[in-house]
Every structure is written in structure tokens, then in C-alpha cells.
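Asker: What follows is the file target.cif, containing mmCIF, C-alpha atoms and all ligand atoms:
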```cif
data_final
loop_
_atom_site.label_atom_id
_atom_site.label_comp_id
_atom_site.auth_asym_id
_atom_site.auth_seq_id
_atom_site.Cartn_x
_atom_site.Cartn_y
_atom_site.Cartn_z
CA MET A 1 128.75 111.83 88.74
CA ASP A 2 127.29 109.42 86.20
CA LEU A 3 123.65 110.40 85.83
CA LEU A 4 121.60 113.45 86.73
CA LEU A 5 117.80 113.35 86.73
CA LYS A 6 116.86 116.99 86.32
CA GLY A 7 113.68 118.97 86.88
CA GLY A 8 111.41 116.30 88.36
CA TRP A 9 109.36 115.98 91.52
CA VAL A 10 111.08 113.72 94.04
CA VAL A 11 108.63 111.67 96.08
CA THR A 12 109.80 110.12 99.35
CA ALA A 13 107.98 108.54 102.27
CA ALA A 14 107.90 111.98 103.88
CA ARG A 15 107.30 114.58 101.14
CA VAL A 16 107.14 115.69 97.52
CA GLU A 17 109.71 118.26 96.47
CA GLN A 18 111.06 119.68 93.24
CA ALA A 19 114.64 118.40 93.20
CA ASP A 20 117.30 116.78 91.06
CA VAL A 21 118.72 113.34 91.74
CA ALA A 22 122.37 112.54 91.12
CA ILE A 23 123.50 108.94 90.75
CA LYS A 24 127.07 107.73 91.01
CA GLY A 25 127.82 104.12 90.24
CA GLU A 26 125.05 102.05 91.79
CA LYS A 27 124.11 104.53 94.52
CA ILE A 28 122.14 107.73 95.01
CA ALA A 29 124.79 110.44 95.41
CA ALA A 30 122.71 113.55 96.07
CA VAL A 31 119.15 114.86 96.07
CA GLY A 32 118.52 118.59 95.99
CA PRO A 33 117.60 121.64 93.95
CA ASP A 34 119.71 122.70 90.95
CA LEU A 35 122.42 120.07 91.32
CA ALA A 36 125.42 120.45 89.08
CA ALA A 37 127.10 117.28 87.90
CA PRO A 38 129.93 117.88 85.48
CA GLY A 39 130.39 115.02 83.05
CA ALA A 40 127.13 113.30 84.00
CA VAL A 41 124.52 112.15 81.53
CA VAL A 42 121.54 114.45 82.12
CA ARG A 43 117.99 113.20 81.76
CA ASP A 44 115.33 115.90 81.70
CA VAL A 45 112.42 114.63 83.79
CA THR A 46 110.48 117.87 84.00
CA GLY A 47 106.91 117.22 85.07
CA LYS A 48 107.65 113.62 86.06
CA TYR A 49 107.74 112.01 89.49
CA ILE A 50 110.95 110.39 90.71
CA LEU A 51 110.03 107.50 93.00
CA PRO A 52 112.10 104.87 94.78
CA GLY A 53 111.72 101.59 92.91
CA ALA A 54 108.68 99.63 94.05
CA ILE A 55 109.10 96.41 96.04
CA ASP A 56 106.70 93.56 95.36
CA ALA A 57 106.99 91.73 98.67
CA HIS A 58 104.89 88.74 97.59
CA VAL A 59 105.64 86.87 94.35
CA HIS A 60 105.84 83.23 93.25
CA TYR A 61 108.01 82.46 90.22
CA GLN A 62 108.15 79.01 88.64
CA MET A 63 106.22 77.72 91.63
CA PRO A 64 105.45 74.02 91.56
CA THR A 65 102.00 72.78 92.65
CA GLY A 66 101.27 69.15 91.86
CA ASP A 67 102.44 68.73 88.27
CA LEU A 68 101.97 72.41 87.38
CA LEU A 69 104.53 75.18 87.35
CA THR A 70 103.48 78.85 87.28
CA ALA A 71 104.13 80.41 83.88
CA ASP A 72 106.50 83.23 84.86
CA ASP A 73 109.96 82.04 85.77
CA TRP A 74 112.68 84.09 87.42
CA PHE A 75 113.51 85.72 84.08
CA THR A 76 110.04 86.65 82.76
CA GLY A 77 108.77 87.44 86.27
CA THR A 78 111.54 89.92 87.00
CA ARG A 79 111.48 91.31 83.44
CA LEU A 80 107.83 92.25 83.81
CA ALA A 81 108.67 93.69 87.24
CA ALA A 82 111.20 96.03 85.63
CA CYS A 83 108.58 97.09 83.07
CA GLY A 84 106.23 98.02 85.93
CA GLY A 85 108.70 100.03 88.02
CA VAL A 86 109.38 97.21 90.48
CA THR A 87 113.09 96.93 91.29
CA THR A 88 112.95 94.39 94.13
CA VAL A 89 110.76 91.31 94.48
CA ILE A 90 110.48 88.96 97.43
CA ASP A 91 109.72 85.34 96.55
CA TYR A 92 109.63 82.21 98.72
CA ALA A 93 112.00 79.37 99.51
CA GLU A 94 109.64 76.44 100.09
CA PRO A 95 110.90 73.02 101.17
CA ALA A 96 109.77 70.28 98.81
CA SER A 97 107.89 67.94 101.08
CA PRO A 98 108.77 65.65 102.58
CA GLY A 99 112.09 66.00 104.22
CA GLU A 100 113.90 68.90 102.58
CA SER A 101 115.50 71.15 105.16
CA LEU A 102 115.03 74.91 105.29
CA THR A 103 118.62 75.63 104.28
CA GLU A 104 118.50 73.09 101.44
CA ALA A 105 115.34 74.75 100.10
CA LEU A 106 116.91 78.18 100.44
CA THR A 107 120.12 77.20 98.66
CA LYS A 108 118.14 75.64 95.82
CA ARG A 109 115.91 78.70 95.39
CA LEU A 110 118.88 81.10 95.38
CA GLU A 111 120.49 78.91 92.74
CA GLU A 112 117.37 79.09 90.53
CA ALA A 113 117.25 82.87 90.73
CA ARG A 114 120.93 83.68 90.40
CA ASP A 115 121.51 83.71 86.64
CA GLN A 116 117.92 84.58 85.72
CA ALA A 117 116.73 87.54 87.79
CA CYS A 118 116.62 90.96 86.10
CA VAL A 119 115.78 92.91 89.28
CA ASP A 120 116.99 92.51 92.85
CA TYR A 121 115.31 89.98 95.08
CA GLY A 122 114.87 88.73 98.59
CA LEU A 123 113.25 85.58 99.91
CA HIS A 124 110.80 84.59 102.63
CA GLN A 125 111.35 81.14 104.13
CA VAL A 126 108.33 78.83 104.12
CA VAL A 127 108.33 76.71 107.29
CA MET A 128 106.65 73.31 106.99
CA PRO A 129 104.99 71.41 109.86
CA GLY A 130 107.63 70.30 112.36
CA GLN A 131 110.32 72.63 111.07
CA GLU A 132 109.25 75.30 113.57
CA GLU A 133 111.07 73.14 116.17
CA ASP A 134 114.47 73.36 114.51
CA GLU A 135 116.05 76.40 116.04
CA ALA A 136 119.45 75.86 114.40
CA GLU A 137 117.91 75.75 110.93
CA LEU A 138 115.77 78.82 111.58
CA ARG A 139 118.83 80.68 112.82
CA ALA A 140 120.89 79.58 109.81
CA VAL A 141 118.23 80.95 107.45
CA VAL A 142 118.22 84.33 109.22
CA GLU A 143 122.01 84.45 109.08
CA LYS A 144 121.84 83.89 105.32
CA GLY A 145 119.71 87.03 104.95
CA VAL A 146 116.17 85.67 105.07
CA THR A 147 114.52 87.47 107.96
CA SER A 148 110.89 86.43 107.44
CA PHE A 149 109.13 83.10 107.75
CA LYS A 150 105.91 82.14 105.99
CA VAL A 151 103.33 79.72 107.32
CA PHE A 152 99.83 78.67 106.34
CA THR A 153 96.74 77.98 108.42
CA THR A 154 95.28 75.88 105.60
CA TYR A 155 96.48 73.59 102.77
CA ALA A 156 98.59 70.45 103.28
CA GLN A 157 101.50 72.51 104.61
CA ARG A 158 99.36 74.11 107.35
CA LEU A 159 100.77 74.50 110.84
CA SER A 160 98.62 73.99 113.91
CA LEU A 161 98.01 77.05 116.07
CA ALA A 162 100.36 75.51 118.66
CA ALA A 163 103.09 75.20 116.03
CA ILE A 164 102.54 78.78 114.85
CA SER A 165 102.78 79.93 118.45
CA HIS A 166 106.08 78.07 118.81
CA LEU A 167 107.43 79.63 115.61
CA LEU A 168 106.39 83.11 116.77
CA GLN A 169 108.46 82.62 119.92
CA GLN A 170 111.47 81.35 117.96
CA ALA A 171 111.17 84.28 115.54
CA ARG A 172 110.98 86.78 118.36
CA ARG A 173 114.28 85.48 119.74
CA LEU A 174 115.87 85.66 116.28
CA GLY A 175 114.46 89.10 115.44
CA ALA A 176 112.64 87.62 112.43
CA LEU A 177 109.08 88.31 111.26
CA VAL A 178 106.47 85.56 110.85
CA THR A 179 104.13 86.09 107.90
CA VAL A 180 100.90 84.11 107.77
CA HIS A 181 98.38 83.04 105.13
CA CYS A 182 95.20 83.27 107.19
CA GLU A 183 92.18 81.16 106.26
CA ASP A 184 90.63 78.83 108.83
CA HIS A 185 91.07 75.27 107.61
CA GLU A 186 88.01 73.80 109.37
CA ILE A 187 85.62 76.44 108.01
CA ILE A 188 86.93 76.00 104.47
CA THR A 189 86.84 72.21 104.65
CA ALA A 190 83.25 72.17 105.93
CA LYS A 191 82.10 74.66 103.27
CA ARG A 192 83.83 72.79 100.50
CA GLU A 193 82.24 69.47 101.49
CA GLU A 194 78.82 71.13 101.72
CA LEU A 195 79.15 72.60 98.21
CA ILE A 196 80.42 69.34 96.71
CA ALA A 197 77.55 67.42 98.33
CA ALA A 198 75.12 69.90 96.77
CA GLY A 199 76.77 69.49 93.36
CA GLN A 200 77.85 73.13 93.41
CA THR A 201 81.38 72.62 92.16
CA ASP A 202 81.59 75.11 89.30
CA PRO A 203 84.37 77.74 89.62
CA ALA A 204 81.49 80.19 90.18
CA TYR A 205 81.35 78.82 93.76
CA HIS A 206 84.98 79.68 94.52
CA ALA A 207 84.20 82.67 96.78
CA ALA A 208 81.45 80.72 98.56
CA SER A 209 83.90 77.88 99.20
CA ARG A 210 86.30 80.15 101.13
CA PRO A 211 84.05 82.53 103.07
CA ALA A 212 85.13 85.82 104.60
CA GLU A 213 84.64 84.49 108.12
CA ALA A 214 87.37 81.88 107.47
CA GLU A 215 89.86 84.67 106.93
CA VAL A 216 88.62 86.82 109.78
CA LYS A 217 88.72 83.94 112.29
CA ALA A 218 92.23 82.88 111.28
CA ILE A 219 93.51 86.47 111.48
CA ARG A 220 92.01 86.86 114.96
CA ASP A 221 93.52 83.54 116.10
CA VAL A 222 96.97 84.45 114.79
CA ILE A 223 96.86 87.95 116.29
CA ALA A 224 96.00 86.39 119.66
CA LEU A 225 98.96 83.99 119.41
CA ALA A 226 101.33 86.81 118.47
CA GLY A 227 100.07 88.86 121.38
CA GLU A 228 100.75 85.99 123.80
CA ALA A 229 104.19 85.42 122.30
CA GLY A 230 105.06 89.11 122.36
CA ALA A 231 106.10 88.74 118.73
CA PRO A 232 105.36 90.87 115.69
CA VAL A 233 103.29 89.22 112.96
CA TYR A 234 102.51 90.05 109.32
CA ILE A 235 99.29 88.93 107.65
CA VAL A 236 99.70 88.36 103.90
CA HIS A 237 97.05 89.20 101.29
CA VAL A 238 94.24 90.48 103.51
CA SER A 239 91.08 90.27 101.40
CA THR A 240 88.30 91.22 103.83
CA GLY A 241 87.24 94.37 105.61
CA GLY A 242 86.76 92.22 108.72
CA GLY A 243 90.38 91.05 108.56
CA ALA A 244 91.65 94.63 108.18
CA GLU A 245 89.39 95.64 111.08
CA ALA A 246 90.95 92.96 113.33
CA ILE A 247 94.45 94.17 112.44
CA ALA A 248 93.50 97.80 113.08
CA ALA A 249 91.99 96.89 116.47
CA ALA A 250 95.14 95.03 117.58
CA ARG A 251 97.37 97.87 116.41
CA SER A 252 95.32 100.43 118.30
CA LYS A 253 96.12 98.42 121.45
CA GLY A 254 99.81 98.72 120.66
CA GLN A 255 100.36 95.23 119.22
CA GLN A 256 102.89 94.90 116.39
CA VAL A 257 100.62 93.49 113.72
CA TYR A 258 101.20 94.28 110.06
CA GLY A 259 98.91 93.71 107.11
CA GLU A 260 99.37 93.38 103.37
CA THR A 261 96.68 93.58 100.73
CA CYS A 262 96.78 93.22 96.93
CA PRO A 263 95.45 95.32 94.04
CA HIS A 264 92.89 92.65 93.14
CA TYR A 265 91.34 92.81 96.63
CA LEU A 266 91.16 96.60 96.36
CA LEU A 267 89.74 96.77 92.85
CA LEU A 268 87.81 93.60 91.91
CA THR A 269 84.81 91.78 93.37
CA GLU A 270 83.45 88.24 93.53
CA SER A 271 81.05 89.12 90.68
CA GLN A 272 83.95 88.04 88.42
CA TYR A 273 83.23 84.41 89.39
CA THR A 274 79.91 84.46 87.58
CA GLY A 275 81.47 85.81 84.37
CA PRO A 276 82.72 83.80 81.41
CA ASP A 277 86.37 84.05 82.50
CA SER A 278 85.77 83.03 86.12
CA ARG A 279 88.78 80.69 86.20
CA LEU A 280 91.18 83.53 85.37
CA PHE A 281 90.08 85.37 88.53
CA LEU A 282 90.51 82.39 90.82
CA MET A 283 92.99 83.03 93.63
CA CYS A 284 93.11 82.31 97.39
CA PRO A 285 91.72 84.00 99.31
CA PRO A 286 89.01 84.82 96.77
CA LEU A 287 87.72 88.19 95.61
CA ARG A 288 85.13 89.68 97.96
CA THR A 289 82.55 92.50 97.83
CA ALA A 290 82.62 96.19 96.96
CA ALA A 291 82.23 96.91 100.69
CA ASP A 292 85.45 94.94 101.32
CA ASN A 293 87.23 96.93 98.57
CA GLU A 294 86.27 100.16 100.27
CA SER A 295 87.17 98.98 103.76
CA LEU A 296 90.61 97.85 102.55
CA TRP A 297 91.25 101.25 100.93
CA ARG A 298 90.16 102.96 104.13
CA HIS A 299 92.48 100.88 106.32
CA LEU A 300 95.34 101.31 103.86
CA ALA A 301 94.82 105.08 103.91
CA ALA A 302 94.69 105.08 107.72
CA GLY A 303 97.91 103.07 107.99
CA ALA A 304 96.29 99.97 109.51
CA LEU A 305 97.54 98.04 106.46
CA GLN A 306 101.14 98.87 105.58
CA VAL A 307 101.98 97.06 102.36
CA VAL A 308 100.42 96.45 98.95
CA ALA A 309 101.98 93.48 97.15
CA THR A 310 100.59 91.32 94.38
CA ASP A 311 100.89 87.59 95.23
CA HIS A 312 102.00 87.29 91.57
CA CYS A 313 101.30 83.62 90.84
CA SER A 314 100.85 83.38 87.12
CA TYR A 315 99.06 80.27 86.05
CA SER A 316 98.56 80.56 82.31
CA ARG A 317 95.29 80.74 80.39
CA VAL A 318 95.86 77.13 79.28
CA GLN A 319 96.51 75.88 82.82
CA LYS A 320 93.43 77.73 84.08
CA ALA A 321 91.22 76.39 81.29
CA ALA A 322 91.87 72.81 82.44
CA GLY A 323 90.00 73.52 85.69
CA THR A 324 86.53 71.99 85.87
CA ALA A 325 85.62 72.90 89.46
CA PHE A 326 86.53 75.48 92.10
CA TYR A 327 88.75 72.91 93.82
CA ASN A 328 90.84 71.85 90.82
CA THR A 329 91.35 75.16 89.00
CA PRO A 330 94.87 76.54 89.54
CA SER A 331 94.64 79.37 92.03
CA GLY A 332 96.68 82.52 91.41
CA VAL A 333 96.96 85.51 89.07
CA PRO A 334 99.74 87.69 87.64
CA GLY A 335 100.06 91.21 89.04
CA THR A 336 103.53 92.70 89.59
CA GLU A 337 103.68 94.73 86.37
CA THR A 338 100.47 96.63 87.13
CA LEU A 339 101.06 97.17 90.88
CA LEU A 340 102.47 100.70 90.79
CA PRO A 341 100.30 102.19 88.02
CA LEU A 342 97.08 100.75 89.53
CA LEU A 343 97.93 102.10 92.98
CA TYR A 344 98.68 105.50 91.48
CA SER A 345 95.52 105.71 89.37
CA PHE A 346 93.08 104.24 91.88
CA GLY A 347 94.88 105.09 95.13
CA VAL A 348 96.43 108.52 94.58
CA ARG A 349 94.18 109.93 91.86
CA ASN A 350 91.03 108.76 93.65
CA GLY A 351 92.18 110.49 96.82
CA TRP A 352 92.80 107.44 99.05
CA LEU A 353 96.57 107.89 99.24
CA THR A 354 98.98 110.81 99.05
CA LEU A 355 102.13 110.40 96.95
CA PRO A 356 104.29 109.87 100.07
CA GLN A 357 101.80 107.20 101.20
CA LEU A 358 102.14 105.52 97.81
CA VAL A 359 105.90 105.37 98.37
CA ARG A 360 105.40 104.03 101.89
CA VAL A 361 103.08 101.15 100.94
CA LEU A 362 105.05 100.14 97.84
CA SER A 363 108.66 100.81 98.89
CA THR A 364 109.56 102.07 102.33
CA ASN A 365 107.32 99.87 104.49
CA PRO A 366 108.19 96.56 102.80
CA ALA A 367 111.88 97.53 102.85
CA ARG A 368 111.72 98.20 106.59
CA LEU A 369 109.66 95.12 107.46
CA PHE A 370 111.88 92.74 105.50
CA GLY A 371 115.25 94.15 106.56
CA LEU A 372 116.17 95.88 103.29
CA TYR A 373 115.98 99.50 104.48
CA PRO A 374 117.66 101.92 103.81
CA ARG A 375 119.49 100.13 101.02
CA LYS A 376 116.07 99.75 99.37
CA GLY A 377 112.88 101.79 99.72
CA SER A 378 114.66 105.13 99.98
CA LEU A 379 116.13 107.85 97.77
CA ARG A 380 118.59 109.16 100.31
CA PRO A 381 122.31 109.40 99.48
CA GLY A 382 123.93 105.99 99.88
CA SER A 383 120.79 104.02 99.03
CA ASP A 384 120.80 101.82 95.95
CA ALA A 385 119.89 103.92 92.89
CA ASP A 386 116.63 102.06 92.28
CA VAL A 387 114.57 104.78 90.70
CA VAL A 388 111.33 105.01 88.74
CA ILE A 389 110.57 107.94 86.44
CA PHE A 390 106.78 108.10 86.57
CA ASP A 391 104.75 110.08 84.05
CA PRO A 392 101.53 111.23 85.76
CA ARG A 393 99.93 112.29 82.46
CA ARG A 394 100.40 109.15 80.40
CA GLN A 395 97.08 107.44 79.67
CA VAL A 396 97.11 103.68 79.33
CA THR A 397 94.37 101.11 78.86
CA LEU A 398 95.63 97.87 80.35
CA THR A 399 95.62 94.90 78.04
CA ALA A 400 97.52 91.63 78.28
CA ALA A 401 98.97 92.16 74.79
CA ASN A 402 100.99 95.14 76.09
CA LEU A 403 102.09 93.46 79.31
CA HIS A 404 104.92 90.97 79.71
CA SER A 405 103.60 88.05 81.77
CA ALA A 406 103.79 84.57 80.29
CA ALA A 407 100.32 84.03 81.81
CA GLY A 408 98.76 85.65 78.74
CA TYR A 409 96.10 87.65 80.59
CA THR A 410 95.59 90.32 83.20
CA VAL A 411 92.68 90.44 85.64
CA PHE A 412 92.70 94.21 85.02
CA GLU A 413 92.05 93.95 81.27
CA GLY A 414 90.45 97.18 79.99
CA PHE A 415 91.22 99.27 83.10
CA HIS A 416 91.90 102.89 82.12
CA LEU A 417 94.90 104.36 83.89
CA GLN A 418 96.32 107.82 84.06
CA GLY A 419 99.96 107.72 85.10
CA TYR A 420 102.47 105.04 84.15
CA PRO A 421 106.16 104.26 84.68
CA GLU A 422 108.32 105.81 81.97
CA ALA A 423 111.69 104.42 83.01
CA THR A 424 113.18 102.13 85.65
CA TYR A 425 116.75 102.21 86.99
CA LEU A 426 118.15 99.29 88.98
CA ARG A 427 121.23 100.33 90.97
CA GLY A 428 121.83 103.07 88.39
CA TRP A 429 121.38 100.79 85.37
CA LEU A 430 118.57 101.74 82.98
CA ILE A 431 116.57 98.52 82.72
CA TYR A 432 113.32 99.85 81.25
CA ASP A 433 112.63 102.92 79.12
CA GLN A 434 109.41 103.96 77.35
CA GLY A 435 108.10 100.51 76.59
CA CYS A 436 111.46 98.81 76.06
CA PHE A 437 113.02 96.33 78.48
CA LEU A 438 116.76 97.03 78.58
CA GLY A 439 117.90 94.79 81.43
CA GLN A 440 119.34 91.32 81.34
CA ALA A 441 119.09 87.97 83.05
CA GLY A 442 121.48 87.73 85.98
CA GLN A 443 121.58 91.49 86.56
CA GLY A 444 119.41 91.17 89.66
CA ARG A 445 121.11 90.32 92.94
CA PHE A 446 120.02 88.64 96.13
CA ILE A 447 119.71 91.34 98.77
CA PRO A 448 120.13 89.80 102.20
CA GLY A 449 117.72 91.12 104.80
CA ARG A 450 119.05 92.23 108.16
CA VAL A 451 117.23 91.83 111.46
ZN ZN B 501 101.22 83.88 97.82
#
```
Taking this structure as input, can you express it in the form of C-alpha cells?

Answerer:
Amino acid sequence: MDLLLKGGWVVTAARVEQADVAIKGEKIAAVGPDLAAPGAVVRDVTGKYILPGAIDAHVHYQMPTGDLLTADDWFTGTRLAACGGVTTVIDYAEPASPGESLTEALTKRLEEARDQACVDYGLHQVVMPGQEEDEAELRAVVEKGVTSFKVFTTYAQRLSLAAISHLLQQARRLGALVTVHCEDHEIITAKREELIAAGQTDPAYHAASRPAEAEVKAIRDVIALAGEAGAPVYIVHVSTGGGAEAIAAARSKGQQVYGETCPHYLLLTESQYTGPDSRLFLMCPPLRTAADNESLWRHLAAGALQVVATDHCSYSRVQKAAGTAFYNTPSGVPGTETLLPLLYSFGVRNGWLTLPQLVRVLSTNPARLFGLYPRKGSLRPGSDADVVIFDPRRQVTLTAANLHSAAGYTVFEGFHLQGYPEATYLRGWLIYDQGCFLGQAGQGRFIPGRV
């Protein structure tokens, strides 16, 4: 036995129990009371929670848009993940348009990550218009361990509803999961033109330019297509109560619809767009109302939404400051490092989630949905020893100066937290301990998903 975590509270998707955790090599060897482990290094974790490492199932590192690249690359992005108790991230392989094939994009993305990542990673495959037809390419991607596709209903890379329907049928045959960015393109385009015509182009109009009904309509449309195709579907970054409602309604009829939300949609409102730092809060979909916050918490607690991820897309302060209007300000915010502590403080401590639910939405559910379970998202013997020691008493006031994103800000500046990760183990390796990053570039591995 190499390491024994002694005296803590082990939290799994099912329960909380006082137990020790023994780690051998890169795997969990045993979980149980009063374990003996001759020769092992013993870490006393009395009073601490032992959680499976969190999975951030939605991140974008060094993502190109126009001539901009997001500030966190594979190294800084996964370093800050380690510091926040996140041991697996799932990024995107996106074909550079025009003409790059799915497998070319995937190979290139894996190459970028390989020597840089400090935590383990998976990928979702972005499918561009027309590529939903190429069954051989879709199959090749799944065989390489990418079991989820990502499509958009808006932006230049949007797929028509007919194309999404076609992809859903292909994915069903392959056992893969289609994930969708849902905002109705026509509604957004009309609203944007109306605001521009009225001279209302300030970033303060960002939320108005992408109204809630655009999300709700697109979610309803996509759910209907998935129902017709008999395919499961996963809606990324649900920002509205109405969207969560539509997902809950479909699920109650037995449809396999899954929903993800993000800490910023749970904790922040559109009032940020009238403040002095409005550009920093600009992401798509936009922040909504306090009623949406509450509805999202309620649906998360009830299990209608299954995953909380961050959509970490870290445009820097400088890149943001160059924006002059809602339509030319880089859209995206950093978030991975604060995912787990925010969900603990505002989810568990505020009574929305139990500790096992916290583990489900941050670890077990994303691991299951993206084909990583039980290697990831579990503390059972044989699983990877991805472990977070979480101190429920530690008080922290979030400030960008103490976080590790190259973005240089956090949208949660000044939030008071109780409970914070104390240490992070990746496959048994201590990669973060009490404020110090101890991992290294290239330590993270690609974890192929299995259908
Ligand atoms: Zn995203």
C-alpha cells in the first residue's frame, strides 16, 4: 500500500461514511473503517471530506475565435483545475473551418494537450455543418474514445434542425451522446438587429440581445428531435428556468434528456451587465434573473439537471476591454477552479444539495454520461485514485489574485466561501496541497470514453 488517508468522511454518490481510503499505485485499493496499511504513507484527514475528483465536463483551452485565443492554455487551464479539486476536464475538438475533417481536428487537439495537461482529460467532438453525414468519420471518432458530439443551433457553425436530427440518428446507432448549445438563431438575429437599429449596442444590452425565449425554444425543438430519433440528448449550459422546465417535462415522460448548468447561471444575474465591469460577465447564453437562479437550483436538486460544469472560456481582462458593443466583446469567463467550492458553499451549505448529490453532479454523472465511469467519478476499489481532500471549515474570500487563471479575474470576486479543497490527488499523485500546485505539464492523460 502506498498511501492511506485516515480518519476522514468518505463521500460517494450514494452515502457519507467515516472510512479510510487506501491507494496503491494509481488506483483506489480499499475503502473501509480502520484500514491497516503497513509501509504506507499515512495522511491524517480527520474532519475532512474525501471526495472523488471533480470532472469539469465543459472547458475551452486555448480556443481560437477570429484572431483571439482564450488566455488559459492546456497547461494553465489544467493547473488551475488541480488547484480547485478538478482531476478530469473535457474540452472540445473543433474542426477549423473550412474543410478539416473530424479525425484531423481530433488528432490535432490531442497533440496540443499531450505534453501540457496537468490533469486527465477527455474530448467532445464538435460536428460542423455537413459533417453529420459522414458516418465513417463519426464512427472513427467514437472508436478513438470520443463518445460525445457537440453541435450549435446558432453561430456560423450552426446545424439546421434537419442536420441535428440526422446526427441524433447516427449517434444513436453508434451509442454516442449528442450535446447541444441551444439558442434559437432566428430569435437572436432579429433581437440583435432591433437593438443595433435602436443604437442600443452597449455591452449592457447583452442579455436583451439573447433573450430567454431563444434558449427555451431551441431546447424544446432539440428535445422534440431527440424524441423522434429515439436518441438521448444533452443540453449544455442551461441558463433559464424555462429551459430546465422543458428538460424536466421530457424526462418525466421517460425521454433520455440530460441537462448541464454552470455556477454563473446559479449564482449571478443579468444585473451585472449594468455594472462597470459588464464586459467581464459577458458569456453566451447570458446571465438571467434571480428567479432563473432559483429554478435552476430546484431542478438540479430534483435531478432534472444532472451536471454542473463551467464552460471555462477565459478571455483575459485585456481582451474583454477591447469590446465596444455586446456583439464584439469576447464571450466567455473562467470558472473551473471555483466549481467545487462554490457548489459546496452555495449548494450543500444552503441546503439545495446533499453531499452525495454534490458528488453526483460534479463527478459520477459526468463520468457516466461521457463514458469514463467507473474509472473516473468513483472511489471504489479499482477506480483511478483521483481524490480531493476537502476542508469544510476553511473560510475563503474569492479573489482573482489567489486564483490561477491567466484571465486575471473571476466573476465571483468577493464571494465568501466556507469549505475549500485542501489537497488533490491525480491517480495517486499529489498534485495540489494547501495552496501549492505540485503537478507537472504532461502528467495528465487522455482518458478514452467508452460507449
Ligand atoms: Zn462552451

Asker: Write out as a ChimeraX atom specification each polymer residue (protein, DNA or RNA) that has an atom no more than 12 Å from ligand ZN 501 (chain B), with only C-alpha atoms and all ligand atoms counted.

Answerer: /A:56-61,63,70,90-94,124,126,150-152,179-182,235-238,260-262,283-285,309-314,331-335

Asker: Nearest to Arg368 in chain A: which of A:Arg380, A:His404, A:Arg450, A:Arg298 is it, counting only C-alpha atoms?

Answerer: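 Ranking A:Arg380, A:His404, A:Arg450, A:Arg298 by distance to Arg368 in chain A, first place goes to A:Arg450.
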
Asker: From the set A:Ala290, A:Ala406, A:Ala231, A:Ala385, which residue has the shortest atom-to-atom contact distance to Arg317 in chain A, counting only C-alpha atoms?

Answerer: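 When distances to Arg317 in chain A are compared using only C-alpha atoms, the smallest one comes from A:Ala406.
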
Asker: Can you sort out the box for range 28-38 of chain A, edges along x, y and z, all listed atoms in, 6 Å on every side, with centre and edge lengths in Å to one decimal, as JSON?

Answerer:
```
{"center_x": 123.8, "center_y": 115.2, "center_z": 90.8, "size_x": 24.3, "size_y": 27.0, "size_z": 22.6}
```

Asker: Compare A:Ala22, A:Ser405, A:Phe149, A:Tyr420 by their minimum atom-to-atom distance to Arg43 in chain A, counting only C-alpha atoms, and give me the closest one.

Answerer: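 Using only C-alpha atoms, the shortest distance to Arg43 in chain A belongs to A:Ala22.
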
Asker: List the neighbours of range 428-432 of chain A out to 8 Å using all atoms listed in the file; skip same-chain residues closer than 4 positions along the sequence, and give me the result as a count of residues only.

Answerer: 20

Asker: Sorted by chain and rising residue number, which residues of range 131-211 of chain A lie within 8 Å of range 100-107 of chain A, and what are their closest atom pairs and distances in Å to one decimal, counting all atoms listed in the file, as a Markdown table?

Answerer:
```
| residue | atom | partner | partner_atom | distance |
| --- | --- | --- | --- | --- |
| A:Gln131 | CA | A:Leu102 | CA | 7.8 |
| A:Glu137 | CA | A:Leu102 | CA | 6.4 |
| A:Leu138 | CA | A:Leu102 | CA | 7.4 |
| A:Ala140 | CA | A:Thr103 | CA | 7.2 |
| A:Val141 | CA | A:Thr103 | CA | 6.2 |
```

Asker: Grab the residues selected above and save them as an mmCIF file, in the coordinates of the input with C-alpha atoms.

Answerer:
```
data_model
loop_
_atom_site.group_PDB
_atom_site.id
_atom_site.type_symbol
_atom_site.label_atom_id
_atom_site.label_comp_id
_atom_site.auth_asym_id
_atom_site.auth_seq_id
_atom_site.Cartn_x
_atom_site.Cartn_y
_atom_site.Cartn_z
ATOM 1 C CA GLN A 131 110.320 72.630 111.070
ATOM 2 C CA GLU A 137 117.910 75.750 110.930
ATOM 3 C CA LEU A 138 115.770 78.820 111.580
ATOM 4 C CA ALA A 140 120.890 79.580 109.810
ATOM 5 C CA VAL A 141 118.230 80.950 107.450
#
```

Asker: Got a sec: who's within 12 Å of Gly66 in chain A, counting only C-alpha atoms, leaving out chain neighbours fewer than 4 positions off, as a compact mmCIF listing (two decimals) with C-alpha atoms, keeping the file's coordinate frame?

Answerer:
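To be explicit, this is the file written out as selection_1.txt:
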```txt
# COMPACT_ATOMS: atom_id res chain seq x y z
CA THR A 70 103.48 78.85 87.28
CA ALA A 96 109.77 70.28 98.81
CA SER A 97 107.89 67.94 101.08
CA ALA A 156 98.59 70.45 103.28
CA ASN A 328 90.84 71.85 90.82
CA THR A 329 91.35 75.16 89.00
CA PRO A 330 94.87 76.54 89.54
```

Asker: I want to know what sits within 8 Å of Gly84 in chain A, based on all atoms listed in the file, with residues of the same chain fewer than 4 positions away left out; could you give that as JSON, numbers by chain?

Answerer: {"A": [80, 336, 337, 338, 339, 340, 341, 421]}

Asker: Could you check which of A:Leu343, A:Ala325, A:Leu110, A:Val257 is closest to Gly199 in chain A, using all atoms listed in the file?

Answerer: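 For Gly199 in chain A, the nearest of the candidates is A:Ala325.
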
Asker: For a quick check of understanding, using all atoms listed in the file, which of A:Thr12, A:Arg210, A:Ala291, A:Phe75 has the smallest distance to Arg114 in chain A?

Answerer: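 Under the stated criterion, the closest residue is A:Phe75.
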
Asker: I want to know what sits within 10 Å of Thr324 in chain A, based on all atoms listed in the file, with residues of the same chain fewer than 2 positions away left out; could you give that as a ChimeraX atom specification?

Answerer: /A:201-203,279,320-322,326-329
